[in-house]
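What follows is a set of notes on a single structure, which appears directly below.
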Amino acid sequence: MNEIVITLITIAVVIGGILGACMYLVLAERKVSAWMQDRMGPNRVGPYGLIQPVADAIKIVLKEGVIPAHVDKALFLIAPAISMFTTMLAFAVVPFGPVEQAPSWLRFIIAPEVNIGLVFIFAVGSLAIYGVILGGWASNNKYSALGSLRASAQVISYEIPLGMSVLGIVLMSGTLDLNEILNKQAAAGILGWNIWFQPLAALIFYISSLAESNRLPFDLSECEQELVGGYHTEYGGLRLVLFFLGEYTHLITISFLTAILFFGGWHFPWIATPESTYRFAWLVKLAVLLAKVLFSVFLIMLIRWTIPRFRFDQLMELTWKVFFPLALANMVAVMVVMQFGMPPIVLLPISILLFAVFGFFTVTAKRLELARRRRASLAMR
Amino acid sequence: MSISPLLVYVVVLMAVVGTNLLLAHIIPPRKRTSVKEMPYESGMDPIGDARQPYDVKFYIVAILFLVFDVELLFLYPWAVAAYSSGGLPRELRGTVFAVMLAFIATLVIAYIYAWRKGVFRWR
């Protein structure tokens with residue numbers, strides 16, 4: 001089929017899929033939180049509340065989008081657009097299925113000619129912070145200003161461990177192309193998944209991604225108790241929707257990245273290997289990949305209601321004092337292993353050892369500090 | 001004829017986002033009242049401007065980010081070329097390994113310096 005038609009179909013599938021997924025992720029999030037808090041959750045609109053997203057969408061489109069008098073109008077209008085545009089653009093290089101076995105009318109990756117996928121995602125993904133900063137600045141509201149200030153410090157701090165944690169995988173695979181990284185894992189079987197060599201990097205990557213997308217243990221930029229809505233306090237109606245779409249698209253992208261970088265993408269032993277060429281193999285592989293992605297999304301939702309919000313100093317200490325040296329040590333370990341031709345599986349005990357040693361030091365330092373503070377307060381009495 | 005799919009995607013995305021912004025202008029009703037146009041501060045009358053000077057810590061973190069992120073960017077091309085089949089020739093790998101270790105050592109020294117200066121202390 002014509003190349004441009006395939007491109008257009010792929011783009012339509014991606015945009016439609018993401019928008020639909022965002023709508024239903026909101027419902028899923030409400031259902032999961034209801035389940036965790038022993039409530040019913042939305043159950044009035046349609047069976048089990050399944051039409052709730054449609055009702056929400058209609059309602060929020062008809063809402064008045066107030067543009068207050070004190071805002072910087074141009075920036076105020078463009079900020080949500082930036083937020084959504086950049087997060088959606090980052091999805092262009094994510095292979096969302098078995099690229100080699102795609103049906104003739106679909107491609108499973110929007111831009112196959114971009115062979116620096118990881119760098120592209122980090123570059124475009126960190127542009128998304130402009131939406132938050134500009135939104136908060138243009139709102140000219142104290143809550144918004146504080147929220148966007150916090151968000152910018154947080155996002156740029158977590159950018160570094162995020163970028164550094166994947167360097168180990170880049171070193172081992174020798175490529176930045178997500179599809180090639182995936183294929184290498186698939187060719188090596190389930191024991192070739194990167195999670196066996198880089199469990200520490202996976203942990204750092206996952207947590208830093210959560211912080212990057214301002215999800216709940218790290219949502220200091222919009223914590224309701226302190227900052228009302230954070231950077232989107234002054235927004236309403238469709239413009240607010242654009243911010244939320246950006247956030248949920250980020251969620252989907254990091255889930256895809258985790259599945260592809262560390263858990264073998266569409267690969268699963270016996271049913272979805274590179275050798276399986278039965279009819280509709282691509283459908284099975286797509287289902288496997290989506291299952292992994294949905295599991296990751298589900299995990300993020302569980303984390304949201306399990307771990308309380310960090311304090312700002314804890315947040316910054318976590319990235320600068322723990323993640324940064326850990327990611328660096330992990331990268332040096334990969335470097336040494338590759339240089340001296342050791343089997344990559346020795347990285348598993350190294351990762352665990354690094355985690356244990358850093359954990360011990362961090363906990364001990366915290367204990368000592370607490371003891372010192374207790375002594376100081378006793379001395380004052 | 002080949003058009004870059006990425007370019008097509010950018011154009012389509014801009015159209016989608018632009019349509020959304022346009023719809024946000026057209027569909028909803030608009031009634032201006034003086035209270036609606038005030039900054040939202042939980043019902044209080046706002047005192048002073050929202051654009052106040054903020055803590056110098058945020059600037060320092062930004063500078064630190066700049067330093068480390070640029071260093072990180074230097075690492076990417078090396079990480080791709082270092083051990084891939086079409087990358088560095090085998091006899092150069094030892095030298096590059098040593099050079100990279102020195103590079104990372106400077107990174108670590110900068111990091112320790114920043115730590116000792118108390119950049120990471122937020123209280």
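Residue numbers start at 1 in each chain; chains themselves are named A, B, ... in the order of the structure tokens; ligands are numbered from 1 in the order shown.
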
Inset, instruction - Enumerate the residues of chain B with a DSSP assignment of alpha helix (DSSP H), computed from the backbone, and present them as a PyMOL selection string. - result: chain B and resi 5-26+56-82+93-116

With only C-alpha atoms considered, list every residue of chain A at most 6 Å from chain B, as a PDB file with C-alpha atoms, in the first residue's frame.
ATOM      1  CA  LEU A  62     -19.411  22.287  27.750  1.00  0.00           C
ATOM      2  CA  LYS A  63     -17.755  23.825  30.828  1.00  0.00           C
ATOM      3  CA  GLU A  64     -16.855  27.475  30.692  1.00  0.00           C
ATOM      4  CA  PRO A  68      -9.131  35.507  34.100  1.00  0.00           C
ATOM      5  CA  ALA A  69      -8.237  39.145  33.613  1.00  0.00           C
ATOM      6  CA  ALA A  81      -1.194  22.848  23.907  1.00  0.00           C
ATOM      7  CA  ALA A 111       8.604   7.248  12.625  1.00  0.00           C
ATOM      8  CA  ASN A 140      -0.126  34.857  37.571  1.00  0.00           C
ATOM      9  CA  ASN A 141      -1.497  33.109  40.620  1.00  0.00           C
ATOM     10  CA  LYS A 142       0.501  32.280  43.724  1.00  0.00           C
ATOM     11  CA  VAL A 170      22.545   1.443  25.504  1.00  0.00           C
ATOM     12  CA  LEU A 171      26.062   0.200  26.279  1.00  0.00           C
ATOM     13  CA  GLY A 174      24.965  -0.612  21.198  1.00  0.00           C
ATOM     14  CA  THR A 175      21.958   1.230  19.805  1.00  0.00           C
ATOM     15  CA  LEU A 238     -11.026  21.861  27.459  1.00  0.00           C
ATOM     16  CA  ASP A 313      13.558  18.096  50.559  1.00  0.00           C
TER      17      ASP A 313
END

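Going from atom CA of A:His267 to atom CA of A:Ser296 covers 15.8 Å.
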
Legend entry - Distance query stretch 45-60 of chain A at most 8 Å, only C-alpha atoms, self and fewer than 5 positions along chain excluded, as number ranges by chain: A: 23-24, 26-27, 237-238, 241

Inset, instruction - One decimal, Å: what's the distance from atom CA of B:Ile109 over to atom CA of A:Val334, could you say? - result: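 Distance reported for this atom pair: 20.5 Å.
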